[in-house]
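Novice: Attaching a single structure in structure tokens format; questions to follow.
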Amino acid sequence: MLKYILFDLDGTLLPMDQDIFVKAYFGAIAKKLSNHGYEPQSLIRAIWAGTEKMIKNDGKATNEAVFWDYFSTVFGKHVIDDMPLFDDFYKNDFDLVKESCGYSPKAAEMIAKLKSMNLKLVLATNPIFPSIATQKRIVWAGLSPENFELYTTYENSRYSKPSLMYYKDILNKIGAKPQECLMVGNDVSDDMPAKGIGIDVFLLTNNLINKSCVDISIYPNGSFDDLIEYIKTRV
């Protein structure tokens with residue numbers, strides 16, 4: 001019986017065009033940090049490369065540690081002393097990036113419906129952001145961090161999508177079996193691999209990302225309304 005629904009965030013619960021979001025995000029953080037000696041293009045390249053390190057993390061350390069270890073090889077060990085500057089960006093400037101995202105009232109309606117069905121929710125967002133940035137994006141989607149049993153961040157994760165270890169780690173954290181879970185996401189390459197460890201999947205097509213042009217008919221797919229109907233067949 002289905003007990004847990006795992007949700008992606010960006011493009012799933014929080015509508016967005018990734019290219020527009022990334023441009024707004026990098027523009028905002030580069031503007032903030034350029035006042036503290038970080039050349040914008042060098043900063044952006046380092047963040048991209050550090051993100052790639054997190055995506056390829058083999059579990060040897062948290063994603064946070066992997067990112068900052070790489071970042072310090074680029075800018076020097078003193079960058080650790082600048083971590084409060086990055087925290088300040090997420091606390092006070094990151095909300096400016098909200099304008100690059102959409103909003104779907106259907107997301108909050110669906111979350112409320114699922115909770116009324118006594119289903120437990122996990123936010124399985126790629127853990128390449130700090131907790132504060134994830135919390136902010138949850139709020140942008142009209143939700144609350146308290147809606148979720150767990151939300152993955154770079155502090156509490158040692159793997160990233162699309163690694164199967166990322167999904168196994170979530171199961172370990174929540175104490176669930178694969179057959180008790182459903183993974184919902186809009187990215188074929190990042191979200192559908194959960195099926196590889198026995199987790200059922202549902203591909204949300206509202207903001208579909210399908211870079212490899214996979215035949216999506218192999219997955220249950222559709223809108224939020226279709227998702228609710230699909231879940232009803234599993235509980």
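In the structure tokens, each chain is lettered A, B, ... as it comes, each chain's residues begin at 1, and ligands are numbered from 1 in order of appearance.
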Just the residues within 9 Å of A:Cys181, please, counting only C-alpha atoms, with nothing from its chain fewer than 4 positions along; format it as an mmCIF file with N, CA, C and O atoms, in the first residue's frame.

Specialist:
data_model
loop_
_atom_site.group_PDB
_atom_site.id
_atom_site.type_symbol
_atom_site.label_atom_id
_atom_site.label_comp_id
_atom_site.auth_asym_id
_atom_site.auth_seq_id
_atom_site.Cartn_x
_atom_site.Cartn_y
_atom_site.Cartn_z
ATOM 1 N N MET A 1 0.835 -1.197 0.000
ATOM 2 C CA MET A 1 0.000 0.000 0.000
ATOM 3 C C MET A 1 0.874 1.253 0.000
ATOM 4 O O MET A 1 1.902 1.304 0.665
ATOM 5 N N LEU A 2 0.439 2.239 -0.732
ATOM 6 C CA LEU A 2 1.186 3.486 -0.850
ATOM 7 C C LEU A 2 1.123 4.273 0.464
ATOM 8 O O LEU A 2 0.049 4.501 1.013
ATOM 9 N N LYS A 3 2.306 4.683 0.957
ATOM 10 C CA LYS A 3 2.366 5.445 2.207
ATOM 11 C C LYS A 3 3.043 6.799 2.044
ATOM 12 O O LYS A 3 2.711 7.746 2.761
ATOM 13 N N TYR A 4 3.997 6.865 1.125
ATOM 14 C CA TYR A 4 4.790 8.082 0.958
ATOM 15 C C TYR A 4 4.721 8.575 -0.492
ATOM 16 O O TYR A 4 4.851 7.784 -1.427
ATOM 17 N N ILE A 5 4.561 9.896 -0.641
ATOM 18 C CA ILE A 5 4.682 10.529 -1.955
ATOM 19 C C ILE A 5 5.935 11.390 -1.929
ATOM 20 O O ILE A 5 6.074 12.288 -1.080
ATOM 21 N N LEU A 6 6.866 11.115 -2.833
ATOM 22 C CA LEU A 6 8.089 11.897 -2.962
ATOM 23 C C LEU A 6 7.891 12.895 -4.102
ATOM 24 O O LEU A 6 7.540 12.502 -5.221
ATOM 25 N N LEU A 171 14.928 6.514 1.292
ATOM 26 C CA LEU A 171 14.208 5.390 1.890
ATOM 27 C C LEU A 171 14.775 5.051 3.262
ATOM 28 O O LEU A 171 14.023 4.769 4.206
ATOM 29 N N ALA A 176 11.246 3.530 4.858
ATOM 30 C CA ALA A 176 10.189 3.031 3.972
ATOM 31 C C ALA A 176 10.735 2.012 2.985
ATOM 32 O O ALA A 176 11.931 1.993 2.664
ATOM 33 N N LYS A 177 9.830 1.166 2.480
ATOM 34 C CA LYS A 177 10.160 0.225 1.419
ATOM 35 C C LYS A 177 9.833 0.862 0.067
ATOM 36 O O LYS A 177 8.918 1.695 -0.010
ATOM 37 N N GLY A 198 12.705 0.214 -7.571
ATOM 38 C CA GLY A 198 11.396 -0.321 -7.228
ATOM 39 C C GLY A 198 10.379 0.697 -6.759
ATOM 40 O O GLY A 198 9.270 0.331 -6.356
ATOM 41 N N ILE A 199 10.732 1.996 -6.792
ATOM 42 C CA ILE A 199 9.778 3.044 -6.445
ATOM 43 C C ILE A 199 8.894 3.315 -7.652
ATOM 44 O O ILE A 199 9.394 3.501 -8.768
ATOM 45 N N ASP A 200 7.600 3.348 -7.451
ATOM 46 C CA ASP A 200 6.691 3.713 -8.530
ATOM 47 C C ASP A 200 6.907 5.187 -8.872
ATOM 48 O O ASP A 200 7.340 5.972 -8.023
ATOM 49 N N VAL A 201 6.620 5.569 -10.121
ATOM 50 C CA VAL A 201 6.868 6.940 -10.550
ATOM 51 C C VAL A 201 5.645 7.500 -11.266
ATOM 52 O O VAL A 201 4.825 6.766 -11.817
#

Novice: Would you pick out the contacts of A:Lys136 at 9 Å or less, using only C-alpha atoms, so that residues sharing its chain but fewer than 6 positions from it are not included, and give the list as a list of chain:residue names?

Specialist: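 Non-adjacent residues within range: A:Tyr90, A:Lys91, A:Phe94, A:Asp95, A:Lys98, A:Pro145.
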
Novice: Might you pull out every residue within 12 Å of A:Asp17, with only C-alpha atoms counted and same-chain residues fewer than 3 positions away left off, and present them as a list in words?

Specialist: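 In the requested form, the answer reads Asp10, Gly11, Thr12, Leu14, Ile20, Phe21, Val22, Lys23, Ala24, Lys98, Glu99, Ser100, Cys101, Gly102, Tyr103, Asn186, Asn206, Asn207, Leu208 and Ile209 of chain A.
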
Novice: Under the rule that only C-alpha atoms are counted, which of A:Ala124, A:Ala49, A:Ile228, A:Val188 is the nearest residue to A:Glu149?

Specialist: A:Ala124

Novice: List as a PyMOL selection string the protein and nucleic acid residues near stretch 115-117 of chain A, meaning an atom at most 9 Å away when only C-alpha atoms are counted, but skip any in the same chain fewer than 4 places from it.

Specialist: chain A and resi 110-111+121+147+235

Novice: Name the residues of stretch 30-134 of chain A that come out as strand (DSSP E) in a backbone DSSP run; write them as an MDAnalysis selection string.

Specialist: chainID A and resid 120:123

Novice: Leaving out stretch 57-74 of chain A and any residue of its chain fewer than 4 positions from it, which residues lie within 8 Å of it when counting only C-alpha atoms, given as an NGL selection string?

Specialist: :A and (46-47 or 50-51 or 53 or 78-80 or 127-128 or 130 or 154-160)

Novice: Using atom CA of A:Asp191 and atom CA of A:Leu143 as the two end points, give the distance in Å to one decimal.

Specialist: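 Atom CA of A:Leu143 lies at a distance of 20.6 Å from atom CA of A:Asp191.
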
Novice: Need to verify the contact set: A:Ile44, 8 Å, only C-alpha atoms, exclusion of same-chain residues closer than 3 positions in sequence. Can you return it as a VMD selection string?

Specialist: chain A and resid 26 30 40 to 41 47 to 48

Novice: Separation of atom CA of A:Pro84 and atom CA of A:Arg137, in Å?

Specialist: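 Atom CA of A:Arg137 lies at a distance of 19.9 Å from atom CA of A:Pro84.
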
Novice: Expressed in Å to a single decimal, how great is the separation between atom CA of A:Asn221 and atom CA of A:Lys56?

Specialist: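 Interatomic distance, atom CA of A:Asn221 to atom CA of A:Lys56: 27.9 Å.
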